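The file structure_38.cif comes next; it holds mmCIF, C-alpha atoms.
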```
data_upload
#
loop_
_atom_site.label_atom_id
_atom_site.label_comp_id
_atom_site.auth_asym_id
_atom_site.auth_seq_id
_atom_site.Cartn_x
_atom_site.Cartn_y
_atom_site.Cartn_z
CA MET A 24 -20.47 -7.81 45.52
CA ASN A 25 -19.61 -5.15 42.93
CA SER A 26 -19.92 -5.47 39.17
CA LYS A 27 -16.20 -6.19 38.72
CA THR A 28 -16.36 -9.15 41.11
CA TRP A 29 -19.50 -10.47 39.39
CA SER A 30 -17.78 -10.18 36.01
CA GLY A 31 -14.73 -12.08 37.24
CA THR A 32 -16.88 -14.79 38.82
CA LEU A 33 -18.94 -15.29 35.66
CA THR A 34 -15.77 -15.40 33.58
CA TYR A 35 -14.22 -18.14 35.71
CA LEU A 36 -17.51 -20.02 35.78
CA LEU A 37 -17.75 -19.89 31.99
CA LEU A 38 -14.15 -21.07 31.67
CA ALA A 39 -14.79 -23.93 34.09
CA VAL A 40 -17.89 -25.09 32.19
CA THR A 41 -16.09 -24.83 28.84
CA SER A 42 -13.08 -26.74 30.20
CA ALA A 43 -15.36 -29.48 31.53
CA ILE A 44 -17.05 -29.84 28.13
CA VAL A 45 -13.68 -30.04 26.37
CA PHE A 46 -12.22 -32.47 28.93
CA LEU A 47 -15.22 -34.83 28.97
CA PRO A 48 -14.38 -36.72 25.72
CA PHE A 49 -10.80 -37.27 26.94
CA TYR A 50 -12.06 -38.55 30.30
CA TRP A 51 -14.50 -40.88 28.53
CA MET A 52 -11.70 -42.18 26.30
CA LEU A 53 -9.46 -42.83 29.31
CA THR A 54 -12.15 -44.59 31.34
CA ASN A 55 -13.20 -46.77 28.40
CA SER A 56 -9.61 -47.85 27.92
CA LEU A 57 -9.76 -49.32 31.44
CA LYS A 58 -13.12 -51.09 31.05
CA ASP A 59 -14.05 -54.54 29.96
CA ARG A 60 -15.64 -54.75 26.52
CA SER A 61 -19.07 -55.47 28.03
CA GLN A 62 -18.93 -52.40 30.30
CA ILE A 63 -18.52 -49.79 27.58
CA PHE A 64 -22.15 -49.81 26.43
CA MET A 65 -23.74 -50.22 29.85
CA PHE A 66 -26.78 -48.05 30.57
CA PRO A 67 -26.74 -45.97 32.63
CA PRO A 68 -23.11 -45.27 31.76
CA GLN A 69 -20.44 -46.33 34.20
CA TRP A 70 -18.42 -43.15 34.72
CA TYR A 71 -15.72 -44.83 36.75
CA PRO A 72 -14.44 -48.24 35.62
CA HIS A 73 -14.65 -50.96 38.24
CA PRO A 74 -12.62 -53.04 38.23
CA LEU A 75 -9.78 -51.34 36.38
CA VAL A 76 -8.83 -53.54 33.41
CA TRP A 77 -5.16 -52.64 32.92
CA SER A 78 -4.75 -55.74 30.77
CA ASN A 79 -6.31 -53.85 27.83
CA PHE A 80 -2.95 -52.17 27.19
CA ALA A 81 -1.09 -55.49 27.32
CA ASP A 82 -3.68 -57.07 25.01
CA LEU A 83 -3.19 -54.17 22.60
CA PHE A 84 0.47 -55.07 22.09
CA LYS A 85 -0.38 -58.77 21.85
CA ARG A 86 -3.07 -58.14 19.25
CA ILE A 87 -0.90 -56.10 16.87
CA PRO A 88 2.76 -54.91 16.83
CA PHE A 89 1.69 -51.55 18.21
CA HIS A 90 5.23 -50.63 19.27
CA GLN A 91 6.36 -50.80 15.62
CA TYR A 92 3.51 -48.55 14.46
CA TYR A 93 4.24 -46.19 17.35
CA PHE A 94 7.89 -45.91 16.35
CA ASN A 95 6.94 -45.32 12.71
CA SER A 96 4.64 -42.44 13.62
CA ILE A 97 7.12 -40.86 16.02
CA TYR A 98 10.12 -40.82 13.72
CA ILE A 99 8.04 -39.65 10.73
CA ALA A 100 6.47 -36.83 12.76
CA VAL A 101 9.84 -35.77 14.20
CA ILE A 102 11.52 -35.64 10.78
CA VAL A 103 8.58 -33.75 9.27
CA THR A 104 8.58 -31.25 12.15
CA ILE A 105 12.32 -30.58 11.99
CA GLY A 106 12.37 -30.40 8.20
CA THR A 107 9.35 -28.12 7.99
CA CYS A 108 10.68 -25.71 10.61
CA PHE A 109 14.14 -25.60 8.98
CA PHE A 110 13.07 -24.98 5.39
CA ALA A 111 10.14 -22.73 6.33
CA SER A 112 12.33 -20.50 8.51
CA ILE A 113 14.96 -20.11 5.79
CA SER A 114 12.38 -19.42 3.08
CA GLY A 115 10.42 -17.04 5.30
CA TYR A 116 13.61 -15.11 6.05
CA ALA A 117 14.42 -14.89 2.33
CA PHE A 118 10.96 -13.64 1.40
CA ALA A 119 10.93 -11.13 4.26
CA LYS A 120 14.43 -9.63 4.24
CA LEU A 121 16.27 -10.54 1.03
CA HIS A 122 15.76 -8.89 -2.35
CA PHE A 123 15.57 -10.91 -5.57
CA ARG A 124 13.59 -10.83 -8.80
CA PHE A 125 9.96 -11.98 -8.84
CA LYS A 126 9.96 -12.38 -5.06
CA ASP A 127 6.35 -11.29 -4.61
CA LEU A 128 5.16 -13.33 -7.60
CA ILE A 129 6.81 -16.50 -6.32
CA PHE A 130 5.36 -15.95 -2.86
CA LEU A 131 1.90 -15.41 -4.34
CA MET A 132 2.20 -18.64 -6.33
CA LEU A 133 3.18 -20.53 -3.19
CA LEU A 134 0.17 -19.19 -1.30
CA SER A 135 -2.10 -20.01 -4.24
CA SER A 136 -0.97 -23.63 -4.18
CA MET A 137 -2.40 -23.98 -0.67
CA MET A 138 -5.89 -23.70 -2.16
CA ILE A 139 -5.41 -26.97 -4.08
CA PRO A 140 -6.81 -29.83 -1.94
CA THR A 141 -4.70 -32.90 -1.27
CA GLU A 142 -7.30 -35.13 -2.92
CA ALA A 143 -6.71 -33.33 -6.24
CA THR A 144 -2.96 -33.95 -6.23
CA VAL A 145 -2.72 -37.42 -4.70
CA ILE A 146 -3.25 -39.31 -7.99
CA PRO A 147 -0.48 -37.58 -10.00
CA LEU A 148 1.75 -37.75 -6.90
CA PHE A 149 1.08 -41.47 -6.59
CA ILE A 150 1.90 -42.06 -10.28
CA TRP A 151 5.11 -40.04 -10.01
CA LEU A 152 6.27 -41.74 -6.83
CA SER A 153 5.40 -45.20 -8.17
CA LYS A 154 7.69 -44.57 -11.15
CA LEU A 155 10.45 -43.62 -8.72
CA GLY A 156 9.83 -46.75 -6.66
CA MET A 157 8.86 -44.73 -3.58
CA VAL A 158 5.37 -46.17 -3.03
CA ASN A 159 5.06 -48.43 0.02
CA THR A 160 7.82 -46.50 1.79
CA HIS A 161 7.74 -43.67 4.30
CA PHE A 162 9.13 -41.22 1.74
CA PRO A 163 5.64 -40.02 0.61
CA LEU A 164 4.74 -39.34 4.25
CA ILE A 165 7.82 -37.16 4.88
CA VAL A 166 8.98 -35.13 1.87
CA PRO A 167 5.53 -34.03 0.54
CA GLN A 168 4.61 -33.01 4.09
CA ILE A 169 7.70 -30.82 4.43
CA PHE A 170 7.34 -29.09 1.07
CA GLY A 171 3.55 -29.26 0.79
CA SER A 172 0.82 -27.09 2.24
CA GLY A 173 2.20 -27.42 5.77
CA GLY A 174 5.58 -26.12 4.68
CA ILE A 175 4.01 -23.27 2.72
CA PHE A 176 1.98 -22.30 5.76
CA GLY A 177 5.22 -22.25 7.73
CA ILE A 178 6.86 -20.01 5.12
CA PHE A 179 3.95 -17.59 5.41
CA LEU A 180 4.16 -17.71 9.21
CA PHE A 181 7.89 -16.95 9.32
CA ARG A 182 7.70 -14.31 6.61
CA GLN A 183 5.05 -12.37 8.50
CA PHE A 184 7.11 -12.61 11.68
CA TYR A 185 10.46 -11.59 10.14
CA ILE A 186 8.84 -8.61 8.41
CA THR A 187 8.03 -7.16 11.84
CA LEU A 188 11.70 -7.26 12.89
CA PRO A 189 13.58 -3.99 12.24
CA ASP A 190 16.13 -3.95 9.41
CA GLU A 191 18.62 -2.36 11.81
CA LEU A 192 19.25 -5.86 13.21
CA MET A 193 20.51 -7.03 9.82
CA GLU A 194 22.53 -3.86 9.31
CA ALA A 195 24.20 -4.28 12.69
CA ALA A 196 25.04 -7.90 11.89
CA LYS A 197 26.44 -6.85 8.52
CA MET A 198 28.66 -4.26 10.18
CA ASP A 199 29.99 -7.02 12.43
CA GLY A 200 31.01 -8.96 9.33
CA CYS A 201 28.09 -11.41 9.05
CA ASN A 202 26.95 -12.63 5.66
CA PRO A 203 23.22 -13.31 5.03
CA TRP A 204 23.51 -16.92 6.26
CA GLN A 205 25.31 -15.91 9.46
CA THR A 206 22.76 -13.15 10.00
CA PHE A 207 19.97 -15.68 9.75
CA VAL A 208 21.59 -18.24 12.07
CA LYS A 209 22.95 -15.85 14.70
CA VAL A 210 20.32 -13.10 14.70
CA MET A 211 17.04 -14.01 13.01
CA MET A 212 16.69 -17.66 13.98
CA PRO A 213 17.05 -17.10 17.76
CA LEU A 214 14.35 -14.43 17.60
CA GLY A 215 11.95 -16.81 15.87
CA GLY A 216 11.29 -18.94 18.94
CA PRO A 217 7.52 -18.29 19.03
CA MET A 218 7.19 -19.21 15.34
CA PHE A 219 9.24 -22.39 15.77
CA ALA A 220 7.00 -23.42 18.67
CA THR A 221 3.81 -22.69 16.74
CA LEU A 222 4.92 -24.45 13.58
CA SER A 223 6.28 -27.40 15.56
CA ILE A 224 2.88 -28.01 17.13
CA TYR A 225 1.12 -27.65 13.79
CA SER A 226 3.54 -29.89 11.86
CA PHE A 227 3.68 -32.62 14.50
CA LEU A 228 -0.10 -32.77 14.86
CA ASN A 229 -0.61 -32.78 11.10
CA SER A 230 1.86 -35.62 10.55
CA TRP A 231 0.83 -37.67 13.58
CA ASN A 232 -2.90 -37.56 12.76
CA ASP A 233 -2.55 -38.07 9.01
CA PHE A 234 -4.66 -41.01 7.86
CA PHE A 235 -5.39 -40.32 4.19
CA GLU A 236 -1.87 -40.35 2.77
CA PRO A 237 -0.64 -43.45 4.67
CA LEU A 238 -3.79 -45.21 3.48
CA ILE A 239 -2.88 -44.39 -0.14
CA PHE A 240 0.87 -44.96 -0.12
CA ILE A 241 1.40 -47.74 2.47
CA ASN A 242 0.63 -51.42 1.80
CA SER A 243 2.90 -53.39 4.13
CA ASP A 244 1.77 -53.87 7.71
CA HIS A 245 5.19 -53.16 9.24
CA LEU A 246 5.13 -49.65 7.71
CA TYR A 247 1.77 -48.68 9.23
CA THR A 248 1.39 -45.53 11.32
CA ILE A 249 -0.83 -45.05 14.37
CA PRO A 250 -3.99 -43.93 12.45
CA LEU A 251 -3.80 -46.98 10.18
CA ALA A 252 -3.13 -49.25 13.16
CA MET A 253 -6.22 -47.96 14.96
CA SER A 254 -8.38 -48.79 11.97
CA MET A 255 -7.39 -52.46 12.41
CA PHE A 256 -9.71 -52.75 15.43
CA THR A 257 -12.78 -52.25 13.23
CA ASP A 258 -13.99 -54.98 10.89
CA GLN A 259 -17.24 -56.63 9.73
CA SER A 260 -17.71 -58.33 13.10
CA GLY A 261 -17.67 -55.01 14.96
CA THR A 262 -15.28 -52.71 16.79
CA GLU A 263 -13.10 -53.72 19.71
CA TRP A 264 -13.75 -50.52 21.59
CA HIS A 265 -11.72 -51.34 24.69
CA LEU A 266 -8.56 -51.89 22.62
CA LEU A 267 -9.32 -48.94 20.36
CA MET A 268 -9.63 -46.64 23.37
CA ALA A 269 -6.38 -47.99 24.83
CA ALA A 270 -4.65 -47.27 21.51
CA ALA A 271 -6.18 -43.77 21.45
CA VAL A 272 -4.85 -43.02 24.96
CA LEU A 273 -1.32 -44.05 23.96
CA ALA A 274 -1.62 -42.12 20.70
CA ALA A 275 -2.59 -38.94 22.56
CA LEU A 276 0.44 -38.98 24.88
CA PRO A 277 3.06 -37.64 22.39
CA LEU A 278 0.67 -34.88 21.36
CA LEU A 279 0.32 -33.74 24.95
CA LEU A 280 4.08 -33.84 25.47
CA VAL A 281 4.76 -31.85 22.30
CA PHE A 282 2.15 -29.26 23.23
CA VAL A 283 3.51 -28.82 26.76
CA ALA A 284 7.12 -28.54 25.52
CA ALA A 285 6.26 -26.14 22.69
CA GLN A 286 4.06 -24.03 24.94
CA LYS A 287 6.95 -23.48 27.33
CA ARG A 288 9.25 -22.63 24.43
CA PHE A 289 6.65 -20.21 23.12
CA ILE A 290 6.67 -18.23 26.38
CA GLU A 291 10.48 -18.27 26.50
CA GLY A 292 10.62 -17.06 22.91
CA ILE A 293 8.43 -14.05 23.63
CA ALA A 294 10.53 -13.13 26.67
CA MET A 295 13.74 -13.52 24.66
CA THR A 296 12.70 -11.30 21.77
CA GLY A 297 11.84 -8.31 23.93
CA MET A 298 9.72 -6.81 21.16
CA LYS A 299 6.24 -7.17 19.73
#
```

Could I get this file's structure written as C-alpha coordinates?
Amino acid sequence: MNSKTWSGTLTYLLLAVTSAIVFLPFYWMLTNSLKDRSQIFMFPPQWYPHPLVWSNFADLFKRIPFHQYYFNSIYIAVIVTIGTCFFASISGYAFAKLHFRFKDLIFLMLLSSMMIPTEATVIPLFIWLSKLGMVNTHFPLIVPQIFGSGGIFGIFLFRQFYITLPDELMEAAKMDGCNPWQTFVKVMMPLGGPMFATLSIYSFLNSWNDFFEPLIFINSDHLYTIPLAMSMFTDQSGTEWHLLMAAAVLAALPLLLVFVAAQKRFIEGIAMTGMK
(Lines of atoms letter the chains of each structure in order from A and count residues from 1; the text may use other names and numbers.)
(Lines give C-alpha, C1' and ligand atoms only; values in the text may rest on other atoms or scores of the structure.)
Protein backbone atom coordinates (compact mmCIF):
# COMPACT_ATOMS: atom_id res chain seq x y z
CA MET A 1 0.00 0.00 0.00
CA ASN A 2 1.59 3.26 -1.13
CA SER A 3 1.67 6.53 0.77
CA LYS A 4 -1.23 8.00 -1.23
CA THR A 5 -3.49 5.07 -0.32
CA TRP A 6 -2.47 5.32 3.34
CA SER A 7 -3.22 9.05 3.32
CA GLY A 8 -6.66 8.48 1.82
CA THR A 9 -7.45 5.70 4.30
CA LEU A 10 -6.43 7.81 7.29
CA THR A 11 -8.46 10.73 5.97
CA TYR A 12 -11.63 8.65 5.65
CA LEU A 13 -10.99 7.08 9.04
CA LEU A 14 -10.62 10.50 10.65
CA LEU A 15 -13.80 11.70 8.94
CA ALA A 16 -15.68 8.62 10.12
CA VAL A 17 -14.56 9.08 13.74
CA THR A 18 -15.39 12.79 13.66
CA SER A 19 -18.82 12.10 12.14
CA ALA A 20 -19.54 9.50 14.83
CA ILE A 21 -18.63 11.97 17.58
CA VAL A 22 -20.86 14.65 16.04
CA PHE A 23 -23.74 12.23 15.43
CA LEU A 24 -23.67 10.65 18.92
CA PRO A 25 -25.56 13.47 20.75
CA PHE A 26 -28.29 13.40 18.07
CA TYR A 27 -28.60 9.62 18.37
CA TRP A 28 -28.79 9.90 22.16
CA MET A 29 -31.50 12.57 21.86
CA LEU A 30 -33.52 10.39 19.47
CA THR A 31 -33.25 7.25 21.59
CA ASN A 32 -34.16 9.10 24.78
CA SER A 33 -37.26 10.47 23.10
CA LEU A 34 -38.41 6.85 22.67
CA LYS A 35 -37.64 5.70 26.22
CA ASP A 36 -39.68 5.59 29.35
CA ARG A 37 -38.73 8.18 31.96
CA SER A 38 -37.16 5.50 34.19
CA GLN A 39 -34.95 4.18 31.37
CA ILE A 40 -33.10 7.40 30.62
CA PHE A 41 -30.78 7.25 33.64
CA MET A 42 -30.20 3.51 33.63
CA PHE A 43 -26.62 2.35 34.19
CA PRO A 44 -25.10 0.96 32.10
CA PRO A 45 -26.83 3.11 29.50
CA GLN A 46 -29.42 1.50 27.28
CA TRP A 47 -28.26 2.43 23.77
CA TYR A 48 -31.34 1.06 22.06
CA PRO A 49 -34.75 1.73 23.64
CA HIS A 50 -36.81 -1.36 24.34
CA PRO A 51 -39.70 -1.16 24.16
CA LEU A 52 -40.12 1.85 21.90
CA VAL A 53 -42.33 4.38 23.72
CA TRP A 54 -43.94 6.24 20.82
CA SER A 55 -46.52 7.63 23.22
CA ASN A 56 -43.98 10.25 24.37
CA PHE A 57 -44.79 12.32 21.28
CA ALA A 58 -48.54 12.05 21.89
CA ASP A 59 -48.05 12.96 25.56
CA LEU A 60 -46.04 15.98 24.46
CA PHE A 61 -49.03 17.45 22.64
CA LYS A 62 -51.35 16.54 25.51
CA ARG A 63 -49.07 18.18 28.07
CA ILE A 64 -48.79 21.54 26.28
CA PRO A 65 -50.19 23.06 23.04
CA PHE A 66 -46.96 22.22 21.25
CA HIS A 67 -48.52 22.61 17.80
CA GLN A 68 -49.25 26.29 18.57
CA TYR A 69 -45.67 26.94 19.70
CA TYR A 70 -44.40 25.07 16.64
CA PHE A 71 -46.46 27.25 14.32
CA ASN A 72 -45.29 30.41 16.09
CA SER A 73 -41.63 29.49 15.63
CA ILE A 74 -42.06 28.47 12.00
CA TYR A 75 -43.86 31.57 10.80
CA ILE A 76 -41.54 33.89 12.76
CA ALA A 77 -38.43 32.17 11.38
CA VAL A 78 -39.79 32.20 7.81
CA ILE A 79 -40.64 35.92 7.93
CA VAL A 80 -37.27 36.76 9.47
CA THR A 81 -35.43 34.70 6.85
CA ILE A 82 -37.28 36.23 3.89
CA GLY A 83 -37.05 39.76 5.27
CA THR A 84 -33.36 39.49 6.12
CA CYS A 85 -32.43 38.08 2.71
CA PHE A 86 -34.48 40.73 0.88
CA PHE A 87 -33.21 43.81 2.69
CA ALA A 88 -29.64 42.51 3.04
CA SER A 89 -29.38 41.75 -0.68
CA ILE A 90 -30.66 45.19 -1.67
CA SER A 91 -28.40 46.98 0.82
CA GLY A 92 -25.39 44.86 -0.11
CA TYR A 93 -25.94 45.66 -3.79
CA ALA A 94 -26.17 49.38 -2.99
CA PHE A 95 -22.97 49.39 -0.93
CA ALA A 96 -21.11 47.33 -3.54
CA LYS A 97 -22.17 48.85 -6.87
CA LEU A 98 -23.93 52.19 -6.34
CA HIS A 99 -22.22 55.50 -5.60
CA PHE A 100 -23.56 57.92 -2.99
CA ARG A 101 -22.13 60.25 -0.36
CA PHE A 102 -20.72 58.82 2.88
CA LYS A 103 -21.16 55.26 1.60
CA ASP A 104 -18.04 53.92 3.31
CA LEU A 105 -18.77 55.80 6.54
CA ILE A 106 -22.31 54.44 6.75
CA PHE A 107 -21.07 50.92 6.06
CA LEU A 108 -18.41 51.26 8.75
CA MET A 109 -21.04 52.44 11.24
CA LEU A 110 -23.22 49.45 10.42
CA LEU A 111 -20.34 47.04 10.98
CA SER A 112 -19.44 48.80 14.23
CA SER A 113 -22.96 48.28 15.56
CA MET A 114 -22.44 44.51 15.37
CA MET A 115 -19.95 44.80 18.24
CA ILE A 116 -22.72 45.96 20.60
CA PRO A 117 -24.12 42.89 22.42
CA THR A 118 -27.85 42.25 22.49
CA GLU A 119 -27.87 42.40 26.29
CA ALA A 120 -26.75 46.05 26.14
CA THR A 121 -29.61 47.13 23.87
CA VAL A 122 -32.49 45.01 25.15
CA ILE A 123 -33.51 47.41 27.95
CA PRO A 124 -33.86 50.56 25.78
CA LEU A 125 -35.50 48.42 23.09
CA PHE A 126 -37.97 47.05 25.64
CA ILE A 127 -38.82 50.56 26.88
CA TRP A 128 -39.30 51.84 23.33
CA LEU A 129 -41.46 48.92 22.25
CA SER A 130 -43.53 49.07 25.44
CA LYS A 131 -44.40 52.68 24.66
CA LEU A 132 -45.49 51.58 21.19
CA GLY A 133 -47.58 48.78 22.65
CA MET A 134 -45.52 46.10 20.91
CA VAL A 135 -44.44 44.12 23.98
CA ASN A 136 -46.09 40.70 24.32
CA THR A 137 -46.40 40.44 20.53
CA HIS A 138 -44.25 38.76 17.91
CA PHE A 139 -43.15 42.13 16.51
CA PRO A 140 -39.97 42.29 18.70
CA LEU A 141 -38.99 38.82 17.47
CA ILE A 142 -39.28 39.75 13.78
CA VAL A 143 -38.35 43.36 12.97
CA PRO A 144 -35.27 43.70 15.27
CA GLN A 145 -34.01 40.38 13.89
CA ILE A 146 -34.29 41.58 10.29
CA PHE A 147 -32.62 44.95 10.87
CA GLY A 148 -30.34 43.92 13.73
CA SER A 149 -26.97 42.20 13.78
CA GLY A 150 -28.22 39.33 11.60
CA GLY A 151 -29.33 41.75 8.90
CA ILE A 152 -26.06 43.68 9.10
CA PHE A 153 -24.12 40.45 8.74
CA GLY A 154 -26.21 39.72 5.65
CA ILE A 155 -25.42 43.17 4.22
CA PHE A 156 -21.72 42.51 4.71
CA LEU A 157 -22.07 39.07 3.11
CA PHE A 158 -23.85 40.36 0.00
CA ARG A 159 -21.59 43.39 -0.34
CA GLN A 160 -18.48 41.24 -0.38
CA PHE A 161 -20.08 38.95 -2.96
CA TYR A 162 -21.36 41.69 -5.29
CA ILE A 163 -17.97 43.43 -5.22
CA THR A 164 -16.45 40.35 -6.88
CA LEU A 165 -18.89 40.57 -9.82
CA PRO A 166 -17.54 42.54 -12.81
CA ASP A 167 -19.02 45.98 -13.49
CA GLU A 168 -19.45 44.96 -17.13
CA LEU A 169 -22.60 43.08 -16.07
CA MET A 170 -24.19 46.34 -14.90
CA GLU A 171 -23.00 48.20 -17.98
CA ALA A 172 -24.50 45.55 -20.26
CA ALA A 173 -27.80 45.72 -18.39
CA LYS A 174 -27.77 49.52 -18.64
CA MET A 175 -27.22 49.32 -22.39
CA ASP A 176 -30.28 47.05 -22.59
CA GLY A 177 -32.32 49.78 -20.92
CA CYS A 178 -32.35 48.51 -17.31
CA ASN A 179 -32.47 50.96 -14.44
CA PRO A 180 -30.61 50.16 -11.17
CA TRP A 181 -33.62 48.30 -9.73
CA GLN A 182 -34.08 46.20 -12.87
CA THR A 183 -30.35 45.50 -12.93
CA PHE A 184 -30.53 44.22 -9.38
CA VAL A 185 -33.62 42.05 -9.92
CA LYS A 186 -32.72 40.63 -13.34
CA VAL A 187 -28.92 40.40 -13.13
CA MET A 188 -27.49 40.66 -9.61
CA MET A 189 -30.13 38.82 -7.60
CA PRO A 190 -30.05 35.60 -9.70
CA LEU A 191 -26.26 35.48 -9.32
CA GLY A 192 -26.53 35.73 -5.54
CA GLY A 193 -27.86 32.21 -5.05
CA PRO A 194 -24.97 31.03 -2.82
CA MET A 195 -25.35 34.09 -0.58
CA PHE A 196 -29.11 33.64 -0.30
CA ALA A 197 -28.59 30.01 0.71
CA THR A 198 -25.94 30.90 3.29
CA LEU A 199 -27.90 33.76 4.81
CA SER A 200 -31.12 31.71 4.82
CA ILE A 201 -29.48 29.02 6.93
CA TYR A 202 -27.98 31.58 9.29
CA SER A 203 -31.18 33.63 9.69
CA PHE A 204 -33.47 30.63 10.15
CA LEU A 205 -31.20 29.03 12.74
CA ASN A 206 -30.75 32.30 14.61
CA SER A 207 -34.50 32.96 14.77
CA TRP A 208 -35.53 29.37 15.50
CA ASN A 209 -33.06 28.92 18.37
CA ASP A 210 -33.55 32.36 19.93
CA PHE A 211 -34.45 32.04 23.61
CA PHE A 212 -33.33 35.32 25.17
CA GLU A 213 -35.54 37.77 23.29
CA PRO A 214 -38.77 35.72 23.51
CA LEU A 215 -38.10 35.37 27.23
CA ILE A 216 -37.92 39.17 27.55
CA PHE A 217 -40.75 40.25 25.26
CA ILE A 218 -43.31 37.42 25.49
CA ASN A 219 -45.64 36.93 28.48
CA SER A 220 -48.69 35.09 27.12
CA ASP A 221 -48.46 31.33 26.76
CA HIS A 222 -50.12 31.21 23.34
CA LEU A 223 -47.33 33.41 21.91
CA TYR A 224 -44.49 31.13 23.08
CA THR A 225 -41.89 29.81 20.65
CA ILE A 226 -40.21 26.40 20.71
CA PRO A 227 -37.28 27.38 23.03
CA LEU A 228 -39.69 28.82 25.61
CA ALA A 229 -41.96 25.79 25.29
CA MET A 230 -39.07 23.42 25.96
CA SER A 231 -38.24 25.27 29.17
CA MET A 232 -41.72 24.33 30.47
CA PHE A 233 -40.57 20.75 31.06
CA THR A 234 -38.17 21.86 33.79
CA ASP A 235 -39.44 22.98 37.19
CA GLN A 236 -38.62 22.60 40.91
CA SER A 237 -39.74 18.97 40.90
CA GLY A 238 -37.26 18.04 38.16
CA THR A 239 -37.05 17.68 34.40
CA GLU A 240 -39.31 15.49 32.29
CA TRP A 241 -36.49 14.29 30.10
CA HIS A 242 -38.51 11.93 27.93
CA LEU A 243 -40.87 14.73 26.87
CA LEU A 244 -38.04 17.23 26.56
CA MET A 245 -36.16 14.90 24.21
CA ALA A 246 -39.31 14.32 22.15
CA ALA A 247 -39.74 18.09 21.85
CA ALA A 248 -36.06 18.45 20.87
CA VAL A 249 -36.44 15.85 18.09
CA LEU A 250 -39.44 17.68 16.63
CA ALA A 251 -37.65 21.02 17.00
CA ALA A 252 -34.65 19.73 15.05
CA LEU A 253 -36.67 18.59 12.02
CA PRO A 254 -37.21 22.03 10.40
CA LEU A 255 -33.53 22.84 10.86
CA LEU A 256 -32.54 19.69 8.99
CA LEU A 257 -35.02 20.43 6.21
CA VAL A 258 -33.80 24.01 5.82
CA PHE A 259 -30.19 22.90 5.75
CA VAL A 260 -30.82 20.21 3.12
CA ALA A 261 -32.85 22.60 0.92
CA ALA A 262 -30.36 25.47 1.24
CA GLN A 263 -27.41 23.17 0.63
CA LYS A 264 -28.89 22.05 -2.68
CA ARG A 265 -29.60 25.66 -3.63
CA PHE A 266 -26.03 26.56 -2.71
CA ILE A 267 -24.62 24.04 -5.20
CA GLU A 268 -27.07 25.17 -7.89
CA GLY A 269 -26.11 28.79 -7.27
CA ILE A 270 -22.42 28.10 -7.80
CA ALA A 271 -23.14 26.21 -11.03
CA MET A 272 -25.41 29.02 -12.25
CA THR A 273 -22.94 31.83 -11.68
CA GLY A 274 -20.16 30.27 -13.71
CA MET A 275 -17.56 32.45 -12.00
CA LYS A 276 -15.59 32.54 -8.78

Please, what distance in Å, to one decimal, runs between atom CA of Trp29 of chain A and atom CA of Ala43 of chain A?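 Distance between the two atoms: 21.0 Å.
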
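Look at Phe89 of chain A: the protein and nucleic acid residues within 10 Å of it, using only C-alpha atoms and passing over chain neighbours fewer than 6 places away, are Leu83, Asn95, His245, Tyr247, Thr248, Ile249, Ala252, Met253, Ala270 and Leu273 of chain A.
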
Non-local contacts of segment 260-269 of chain A (8 Å; all atoms listed in the file; under 5 positions in same chain excluded) as a list in words: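 Here the qualifying residues turn out to be Met52, Leu53, Asn55, Ser56, Leu57, Lys58, Asp59, Arg60, Ile63, Asn79, Phe80, Asp82, Leu83 and Met253 of chain A.
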
With 4 Å on each side, where is the centre of the axis-aligned box around all listed atoms of segment 54-62 of chain A, and how long are its edges in Å to one decimal, as AutoDock Vina command-line options?
```
--center_x -14.3 --center_y -50.0 --center_z 29.0 --size_x 17.5 --size_y 18.9 --size_z 12.9
```

If you take only C-alpha atoms and a cut-off of 12 Å, which residues of segment 92-207 of chain A touch segment 277-286 of chain A, and what are their nearest atom pairs and distances in Å to one decimal, in chain and number order, as a Markdown table?
```
| residue | atom | partner | partner_atom | distance |
| --- | --- | --- | --- | --- |
| A:Tyr93 | CA | A:Pro277 | CA | 10.0 |
| A:Phe94 | CA | A:Pro277 | CA | 11.3 |
| A:Ser96 | CA | A:Pro277 | CA | 10.1 |
| A:Ile97 | CA | A:Pro277 | CA | 8.2 |
| A:Tyr98 | CA | A:Pro277 | CA | 11.6 |
| A:Ala100 | CA | A:Pro277 | CA | 10.2 |
| A:Val101 | CA | A:Val281 | CA | 10.3 |
| A:Thr104 | CA | A:Val281 | CA | 10.9 |
```

Output for the residues just chosen: C-alpha atoms as an mmCIF file, keeping the file's coordinate frame:
```cif
data_model
loop_
_atom_site.group_PDB
_atom_site.id
_atom_site.type_symbol
_atom_site.label_atom_id
_atom_site.label_comp_id
_atom_site.auth_asym_id
_atom_site.auth_seq_id
_atom_site.Cartn_x
_atom_site.Cartn_y
_atom_site.Cartn_z
ATOM 1 C CA TYR A 93 4.240 -46.190 17.350
ATOM 2 C CA PHE A 94 7.890 -45.910 16.350
ATOM 3 C CA SER A 96 4.640 -42.440 13.620
ATOM 4 C CA ILE A 97 7.120 -40.860 16.020
ATOM 5 C CA TYR A 98 10.120 -40.820 13.720
ATOM 6 C CA ALA A 100 6.470 -36.830 12.760
ATOM 7 C CA VAL A 101 9.840 -35.770 14.200
ATOM 8 C CA THR A 104 8.580 -31.250 12.150
#
```

Atom CA of Leu121 of chain A and atom CA of Pro189 of chain A, how far apart in Å?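 Atom CA of Pro189 of chain A sits 13.3 Å away from atom CA of Leu121 of chain A.
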
Sorted per-residue table, segment 90-136 of chain A near segment 148-168 of chain A, closest atoms and distance, 9 Å, only C-alpha atoms, as a Markdown table:
```
| residue | atom | partner | partner_atom | distance |
| --- | --- | --- | --- | --- |
| A:Asn95 | CA | A:His161 | CA | 8.6 |
| A:Ile99 | CA | A:Ile165 | CA | 6.4 |
| A:Ala100 | CA | A:Ile165 | CA | 8.0 |
| A:Ile102 | CA | A:Ile165 | CA | 7.1 |
| A:Val103 | CA | A:Ile165 | CA | 5.6 |
| A:Gly106 | CA | A:Val166 | CA | 8.6 |
| A:Thr107 | CA | A:Gln168 | CA | 7.8 |
```

Do you have the atom CA of Gly200 of chain A-atom CA of Pro213 of chain A distance handy? 18.2 Å

Residue nearest Ser172 of chain A among A:Thr206, A:Leu134, A:Met193, A:Ala143 (counting only C-alpha atoms):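 Selected residue with least distance to Ser172 of chain A: A:Leu134.
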
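Distance annotation: of A:Gly171, A:Arg124, A:Phe207, A:Arg86, the residue with the minimal separation from Thr144 of chain A is A:Gly171; atom set is all atoms listed in the file.
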
Pick out the closest residue to Ile87 of chain A from this set: A:Phe256, A:Ala275, A:Val40, A:Gln205. Count all atoms listed in the file.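 Under the stated criterion, the closest residue is A:Phe256.
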